[in-house]
Amino acid sequence: MRQVVIAFAILGFISLMAFMTLVWVIYPIRHRSDIRAASERFEIDASLIAAVIWAESRWNASSVSNKGAVGLMQLLPSTAVFIVEKKGLEVDATNLTCARTNIIIGTAYLRYLFDRFGDERTVLIAYNAGEGKVSKWLDGQDRLDTSPYPETNAYLEQVMRAKRFYNWRI
């Protein structure tokens, strides 16, 4: 009986290690110090920043979307310029492939959206679909749990799932 217990304990440990390795492969983390600094500066949860980066670019700093969004947090250049001016940031809004710059501007944008909408799910919907659309969709409501766009809903769930994994790693 003791050997069976030991065998199950070893099997459990091996399974846990395999799971942890899989999590690290699926949800890698880079730029930890820049994320932590931006998290403190703008009072945004570091795991949320990491989750947005994962969902937006899978940690590819040179990523450019078909809509022209650039870098880790997939910022439109016009949004970057707006946030740099609005928040008085001392970074180059045209250097969006620089990881540090992109994380600062993207996190400042999250702060802006939190200040405007308050609720995390609504903020993420606005980050993906646009704040103008979210303002229309709210139509007297305090928050949104979903959007009319399946793509945005899938994005929201990706970020929320990734945030759970990054929560204990960053």
# chains A, B, ... in the order shown; residues from 1 in each chain; ligands from 1
>>> residues_around(residues="Cys98 in chain A", least_positions_apart="3", cutoff="8 Å", atoms="only C-alpha atoms", output="PyMOL selection string")
chain A and resi 61+71+95+101-102
>>> residues_around(residues="range 153-167 of chain A", least_positions_apart="3", cutoff="9 Å", atoms="only C-alpha atoms", output="list in words")
Val23, Tyr27, Pro28, Ile29, Asp45, Ala46, Ser47, Leu48, Ile49, Ala50, Ala51, Val52, Ile53, Trp54, Ala55, Glu56, Arg121, Leu124, Ile125, Asn128, Asp145, Thr146, Ser147, Pro148, Tyr149, Pro150 and Ile170 of chain A
>>> closest_residue(among="A:Asn66, A:Thr107, A:Ser135, A:Ser57", to="Ile44 in chain A", atoms="only C-alpha atoms")
A:Thr107
>>> residues_around(residues="Val91 in chain A", least_positions_apart="4", cutoff="12 Å", atoms="only C-alpha atoms", output="count of residues only")
18
>>> atom_distance(atom1="CA of Thr97 in chain A", atom2="CA of Asp119 in chain A")
28.5 Å
>>> select_by_dssp(residues="chain A", states="helix (DSSP H, G or I)", output="number ranges by chain")
A: 2-26, 32-42, 46-57, 77-87, 99-117, 120-129, 131-138, 150-167
>>> closest_residue(among="A:Leu72, A:Leu113, A:Lys136, A:Ser78", to="Asp34 in chain A", atoms="only C-alpha atoms")
A:Leu72
>>> atom_distance(atom1="CA of Ala38 in chain A", atom2="CA of Thr122 in chain A")
20.7 Å
>>> closest_residue(among="A:Arg41, A:Arg116, A:Arg30, A:Arg58", to="Gln74 in chain A", atoms="only C-alpha atoms")
A:Arg58
>>> atom_distance(atom1="CA of Ser33 in chain A", atom2="CA of Lys86 in chain A")
24.4 Å
>>> closest_residue(among="A:Ser39, A:Leu89, A:His31, A:Phe117", to="Gln141 in chain A", atoms="only C-alpha atoms")
A:Phe117
>>> decode(residues="range 55-87 of chain A", atoms="C-alpha atoms", output="compact mmCIF listing (two decimals), in the first residue's frame")
# COMPACT_ATOMS: atom_id res chain seq x y z
CA ALA A 55 -3.35 38.54 -26.30
CA GLU A 56 -2.32 41.43 -28.52
CA SER A 57 1.09 40.36 -29.84
CA ARG A 58 2.23 37.13 -28.14
CA TRP A 59 5.28 39.15 -26.97
CA ASN A 60 6.34 40.17 -30.49
CA ALA A 61 7.61 43.77 -30.16
CA SER A 62 7.79 44.25 -33.93
CA SER A 63 4.25 43.03 -34.57
CA VAL A 64 2.08 45.19 -36.85
CA SER A 65 -1.60 44.39 -37.36
CA ASN A 66 -3.49 44.71 -40.63
CA LYS A 67 -5.13 47.82 -39.09
CA GLY A 68 -1.76 49.42 -38.36
CA ALA A 69 -1.52 48.72 -34.62
CA VAL A 70 2.12 48.36 -33.57
CA GLY A 71 4.21 46.59 -30.96
CA LEU A 72 3.64 44.55 -27.84
CA MET A 73 0.37 46.20 -26.84
CA GLN A 74 -0.73 46.79 -30.46
CA LEU A 75 -1.19 50.55 -30.28
CA LEU A 76 -2.46 52.59 -33.19
CA PRO A 77 0.00 55.44 -33.80
CA SER A 78 -2.83 57.99 -33.44
CA THR A 79 -3.81 56.50 -30.05
CA ALA A 80 -0.17 56.59 -28.94
CA VAL A 81 0.18 60.28 -29.83
CA PHE A 82 -3.13 61.07 -28.08
CA ILE A 83 -2.08 59.27 -24.87
CA VAL A 84 1.44 60.74 -24.84
CA GLU A 85 -0.05 64.24 -25.11
CA LYS A 86 -2.97 63.57 -22.73
CA LYS A 87 -0.77 62.07 -20.00
